[in-house]
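K.L.:
Right, I'll just put the structure down here and ask away after.
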Amino acid sequence: MKISKQWTLPATPDEVYALSIDPAYQEEICEEAGALSHQSTVTEKGSGHEVKVQRVMTSGDVPDLVKKIVGDKVDVTQVITWGARQADGSRQGTLDVAFKGKPITMKGTTSLTPDGDGTAVDVTAEFKAKVPVVGGKVEKMSAPEIIKAIGAEETVGMRHAAG
């Protein structure tokens, strides 16, 4: 199932990127998302960075069918590997999200693109629940919680951009 969220931050792509590779910023996103525990690391990779965030989350407000599969808590590892800065300041990253011990994955891209006086942020991914017969239902029922978790990044980004 395709998951997609876009927003615009009132800051340059370089400023948004600098935030995104700050472990303290990642920790703040985890707290905004309601993580029970979390840890983040940032590693330089060529002309970009790898941002790895591990967090334990409640399974949220999902139907019983989903809770039977994922349980009350979910151990999530998210890795964004950012590429080099482009001439216009934009950046592209690959997104890989694993749900420890669960037949669920999310893989996609994220981008920071100049947009007027700000930066357009785009997260687009394929969310897969590899569960026989009910996988599609699990994806549809889980999608709102996934989008809500991505929304924590928008909330924290706006807070930082506002100063």
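The chains in the structure tokens are called A, B, ... from first to last as shown; in each chain the residues are counted from 1, and the ligands are counted from 1 in the order shown.
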With a distance cut-off of 10 Å and only C-alpha atoms, select the neighbouring residues of Leu9 (chain A), excluding the residue or stretch itself and same-chain residues fewer than 3 positions from it, and output the selection as a PyMOL selection string.

P.N.:
chain A and resi 12-13+15-16+112+114-115+117-121+154-155+157-162

K.L.:
With C-alpha atoms kept, could you save the residues just selected as a CSV table (one decimal), in the first residue's frame?

P.N.:
chain,number,residue,atom,x,y,z
A,12,THR,CA,15.9,26.4,3.3
A,13,PRO,CA,16.7,22.8,2.3
A,15,GLU,CA,18.5,24.2,7.2
A,16,VAL,CA,16.0,21.4,7.1
A,112,LEU,CA,13.8,18.0,0.5
A,114,PRO,CA,13.3,24.2,-2.6
A,115,ASP,CA,9.8,25.6,-2.7
A,117,ASP,CA,11.0,30.7,0.5
A,118,GLY,CA,10.7,27.2,2.1
A,119,THR,CA,11.3,23.5,1.6
A,120,ALA,CA,8.9,20.9,0.3
A,121,VAL,CA,9.3,17.7,2.2
A,154,GLU,CA,6.1,17.8,10.3
A,155,THR,CA,5.0,19.1,13.8
A,157,GLY,CA,9.9,20.7,11.9
A,158,MET,CA,7.3,23.5,12.1
A,159,ARG,CA,8.1,24.1,15.7
A,160,HIS,CA,11.8,24.5,14.9
A,161,ALA,CA,11.2,26.6,11.8
A,162,ALA,CA,9.1,29.0,13.9

K.L.:
Quick one: residues within 10 Å of region 93-105 of chain A, only C-alpha atoms counted, chain neighbours fewer than 4 positions away excluded, as a ChimeraX atom specification?

P.N.:
/A:48-56,69-71,74-84,109-112,123-131,135,138-139

K.L.:
Generate the output file for the selected residues, N, CA and C atoms, as an mmCIF file, in the first residue's frame.

P.N.:
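Now in part-v6.cif:
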data_model
loop_
_atom_site.group_PDB
_atom_site.id
_atom_site.type_symbol
_atom_site.label_atom_id
_atom_site.label_comp_id
_atom_site.auth_asym_id
_atom_site.auth_seq_id
_atom_site.Cartn_x
_atom_site.Cartn_y
_atom_site.Cartn_z
ATOM 1 N N GLY A 48 26.555 12.390 1.977
ATOM 2 C CA GLY A 48 25.307 12.471 2.726
ATOM 3 C C GLY A 48 25.473 11.874 4.110
ATOM 4 N N HIS A 49 24.376 11.428 4.676
ATOM 5 C CA HIS A 49 24.379 10.837 6.009
ATOM 6 C C HIS A 49 23.372 9.693 6.076
ATOM 7 N N GLU A 50 23.622 8.784 7.006
ATOM 8 C CA GLU A 50 22.638 7.755 7.337
ATOM 9 C C GLU A 50 22.076 8.113 8.708
ATOM 10 N N VAL A 51 20.763 8.236 8.767
ATOM 11 C CA VAL A 51 20.079 8.554 10.018
ATOM 12 C C VAL A 51 19.296 7.306 10.426
ATOM 13 N N LYS A 52 19.709 6.715 11.547
ATOM 14 C CA LYS A 52 19.056 5.491 12.027
ATOM 15 C C LYS A 52 18.344 5.806 13.339
ATOM 16 N N VAL A 53 17.052 5.509 13.358
ATOM 17 C CA VAL A 53 16.241 5.767 14.548
ATOM 18 C C VAL A 53 15.555 4.466 14.947
ATOM 19 N N GLN A 54 15.782 4.053 16.176
ATOM 20 C CA GLN A 54 15.116 2.868 16.712
ATOM 21 C C GLN A 54 14.183 3.361 17.802
ATOM 22 N N ARG A 55 12.931 2.915 17.730
ATOM 23 C CA ARG A 55 11.963 3.337 18.742
ATOM 24 C C ARG A 55 10.975 2.215 19.033
ATOM 25 N N VAL A 56 10.502 2.196 20.252
ATOM 26 C CA VAL A 56 9.426 1.290 20.643
ATOM 27 C C VAL A 56 8.183 2.160 20.786
ATOM 28 N N ILE A 69 -1.678 -9.219 15.267
ATOM 29 C CA ILE A 69 -0.475 -9.455 14.472
ATOM 30 C C ILE A 69 0.731 -8.715 15.039
ATOM 31 N N VAL A 70 0.549 -7.450 15.431
ATOM 32 C CA VAL A 70 1.695 -6.656 15.881
ATOM 33 C C VAL A 70 1.849 -6.589 17.396
ATOM 34 N N GLY A 71 0.804 -6.899 18.140
ATOM 35 C CA GLY A 71 0.869 -6.803 19.591
ATOM 36 C C GLY A 71 0.586 -5.388 20.067
ATOM 37 N N VAL A 74 5.365 -2.034 19.307
ATOM 38 C CA VAL A 74 6.066 -2.314 18.058
ATOM 39 C C VAL A 74 7.469 -1.726 18.156
ATOM 40 N N ASP A 75 8.478 -2.562 17.866
ATOM 41 C CA ASP A 75 9.875 -2.124 17.843
ATOM 42 C C ASP A 75 10.205 -1.769 16.396
ATOM 43 N N VAL A 76 10.406 -0.486 16.140
ATOM 44 C CA VAL A 76 10.567 0.021 14.780
ATOM 45 C C VAL A 76 11.982 0.559 14.584
ATOM 46 N N THR A 77 12.619 0.162 13.489
ATOM 47 C CA THR A 77 13.908 0.738 13.110
ATOM 48 C C THR A 77 13.741 1.414 11.764
ATOM 49 N N GLN A 78 14.033 2.700 11.735
ATOM 50 C CA GLN A 78 13.917 3.501 10.515
ATOM 51 C C GLN A 78 15.310 3.961 10.102
ATOM 52 N N VAL A 79 15.656 3.735 8.842
ATOM 53 C CA VAL A 79 16.940 4.196 8.319
ATOM 54 C C VAL A 79 16.676 5.059 7.093
ATOM 55 N N ILE A 80 17.162 6.293 7.144
ATOM 56 C CA ILE A 80 17.127 7.173 5.977
ATOM 57 C C ILE A 80 18.570 7.397 5.558
ATOM 58 N N THR A 81 18.859 7.072 4.308
ATOM 59 C CA THR A 81 20.193 7.291 3.762
ATOM 60 C C THR A 81 20.103 8.444 2.774
ATOM 61 N N TRP A 82 20.661 9.579 3.184
ATOM 62 C CA TRP A 82 20.596 10.796 2.378
ATOM 63 C C TRP A 82 21.725 10.832 1.363
ATOM 64 N N GLY A 83 21.398 11.266 0.163
ATOM 65 C CA GLY A 83 22.386 11.445 -0.887
ATOM 66 C C GLY A 83 22.998 12.832 -0.830
ATOM 67 N N ALA A 84 23.796 13.123 -1.840
ATOM 68 C CA ALA A 84 24.513 14.394 -1.919
ATOM 69 C C ALA A 84 23.567 15.565 -2.165
ATOM 70 N N THR A 109 11.137 6.613 -0.415
ATOM 71 C CA THR A 109 12.040 7.746 -0.570
ATOM 72 C C THR A 109 11.548 8.925 0.251
ATOM 73 N N THR A 110 12.465 9.816 0.501
ATOM 74 C CA THR A 110 12.135 11.091 1.116
ATOM 75 C C THR A 110 12.943 12.153 0.391
ATOM 76 N N SER A 111 12.392 13.338 0.295
ATOM 77 C CA SER A 111 13.115 14.392 -0.417
ATOM 78 C C SER A 111 12.888 15.746 0.233
ATOM 79 N N LEU A 112 13.881 16.600 0.049
ATOM 80 C CA LEU A 112 13.831 17.998 0.466
ATOM 81 C C LEU A 112 14.061 18.806 -0.798
ATOM 82 N N VAL A 123 7.568 12.384 1.691
ATOM 83 C CA VAL A 123 7.843 11.010 2.109
ATOM 84 C C VAL A 123 6.862 10.130 1.351
ATOM 85 N N THR A 124 7.396 9.232 0.540
ATOM 86 C CA THR A 124 6.562 8.317 -0.233
ATOM 87 C C THR A 124 7.145 6.919 -0.073
ATOM 88 N N ALA A 125 6.312 5.975 0.326
ATOM 89 C CA ALA A 125 6.815 4.631 0.590
ATOM 90 C C ALA A 125 5.753 3.582 0.295
ATOM 91 N N GLU A 126 6.227 2.368 0.166
ATOM 92 C CA GLU A 126 5.354 1.217 -0.001
ATOM 93 C C GLU A 126 5.330 0.482 1.339
ATOM 94 N N PHE A 127 4.153 0.402 1.939
ATOM 95 C CA PHE A 127 3.947 -0.249 3.231
ATOM 96 C C PHE A 127 3.380 -1.631 2.957
ATOM 97 N N LYS A 128 4.072 -2.670 3.428
ATOM 98 C CA LYS A 128 3.661 -4.048 3.137
ATOM 99 C C LYS A 128 3.493 -4.854 4.416
ATOM 100 N N ALA A 129 2.360 -5.519 4.522
ATOM 101 C CA ALA A 129 2.114 -6.486 5.590
ATOM 102 C C ALA A 129 2.032 -7.852 4.917
ATOM 103 N N LYS A 130 3.059 -8.649 5.119
ATOM 104 C CA LYS A 130 3.127 -9.958 4.460
ATOM 105 C C LYS A 130 2.430 -11.002 5.330
ATOM 106 N N VAL A 131 1.111 -10.875 5.370
ATOM 107 C CA VAL A 131 0.277 -11.766 6.169
ATOM 108 C C VAL A 131 -0.714 -12.426 5.217
ATOM 109 N N GLY A 135 -3.338 -9.522 4.682
ATOM 110 C CA GLY A 135 -2.280 -8.511 4.557
ATOM 111 C C GLY A 135 -2.790 -7.157 4.101
ATOM 112 N N VAL A 138 -4.666 -5.433 6.889
ATOM 113 C CA VAL A 138 -3.733 -4.946 7.907
ATOM 114 C C VAL A 138 -3.092 -3.641 7.437
ATOM 115 N N GLU A 139 -2.702 -3.586 6.165
ATOM 116 C CA GLU A 139 -2.105 -2.365 5.611
ATOM 117 C C GLU A 139 -3.071 -1.189 5.714
#

K.L.:
Tell me, in Å to one decimal, how far CA of Asp72 (chain A) is from CA of Ile147 (chain A).

P.N.:
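Atom-to-atom, CA of Asp72 (chain A) to CA of Ile147 (chain A), that is 18.3 Å.
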
K.L.:
So what do you get for CA of Val156 (chain A) versus CA of Ile29 (chain A), distance-wise?

P.N.:
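That distance, rounded to one decimal, is 6.1 Å.
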
K.L.:
Provide the CA of Pro10 (chain A) to CA of Thr113 (chain A) distance in Å, to one decimal place.

P.N.:
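So the two atoms, CA of Pro10 (chain A) and CA of Thr113 (chain A), lie 11.9 Å apart.
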
K.L.:
Assign secondary structure with DSSP using the backbone only, and return the residues of region 2-157 of chain A in strand (DSSP E) as an MDAnalysis selection string.

P.N.:
chainID A and resid 2:9 37:45 48:58 73:82 91:99 104:115 118:129

K.L.:
Of the residues A:Ser142, A:Ser20, A:Ser37, A:Gln26, which is the one nearest to Arg91 (chain A), using only C-alpha atoms?

P.N.:
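Result for the nearest residue to Arg91 (chain A): A:Ser20.
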
K.L.:
If you run DSSP on the backbone here, which positions in region 19-72 of chain A get alpha helix (DSSP H)? Please write them as an NGL selection string.

P.N.:
:A and (19-20 or 23-32 or 64-70)

K.L.:
Write to file, as a short mmCIF file (atom, residue, chain, number, x, y, z; two decimals), in the first residue's frame, the residues of the selection just made, with C-alpha atoms.

P.N.:
data_model
loop_
_atom_site.label_atom_id
_atom_site.label_comp_id
_atom_site.auth_asym_id
_atom_site.auth_seq_id
_atom_site.Cartn_x
_atom_site.Cartn_y
_atom_site.Cartn_z
CA LEU A 19 17.93 19.51 11.44
CA SER A 20 17.23 16.07 9.98
CA PRO A 23 20.20 13.24 16.70
CA ALA A 24 18.51 15.59 19.20
CA TYR A 25 15.97 16.56 16.52
CA GLN A 26 15.29 12.88 15.79
CA GLU A 27 14.81 12.24 19.51
CA GLU A 28 12.30 15.11 19.64
CA ILE A 29 10.35 13.56 16.75
CA CYS A 30 10.24 10.25 18.64
CA GLU A 31 8.89 12.01 21.72
CA GLU A 32 6.28 13.86 19.64
CA ASP A 64 -8.02 -5.86 17.06
CA LEU A 65 -7.05 -7.70 13.86
CA VAL A 66 -3.90 -5.58 13.61
CA LYS A 67 -3.13 -5.88 17.34
CA LYS A 68 -3.27 -9.67 17.03
CA ILE A 69 -0.47 -9.46 14.47
CA VAL A 70 1.69 -6.66 15.88
#
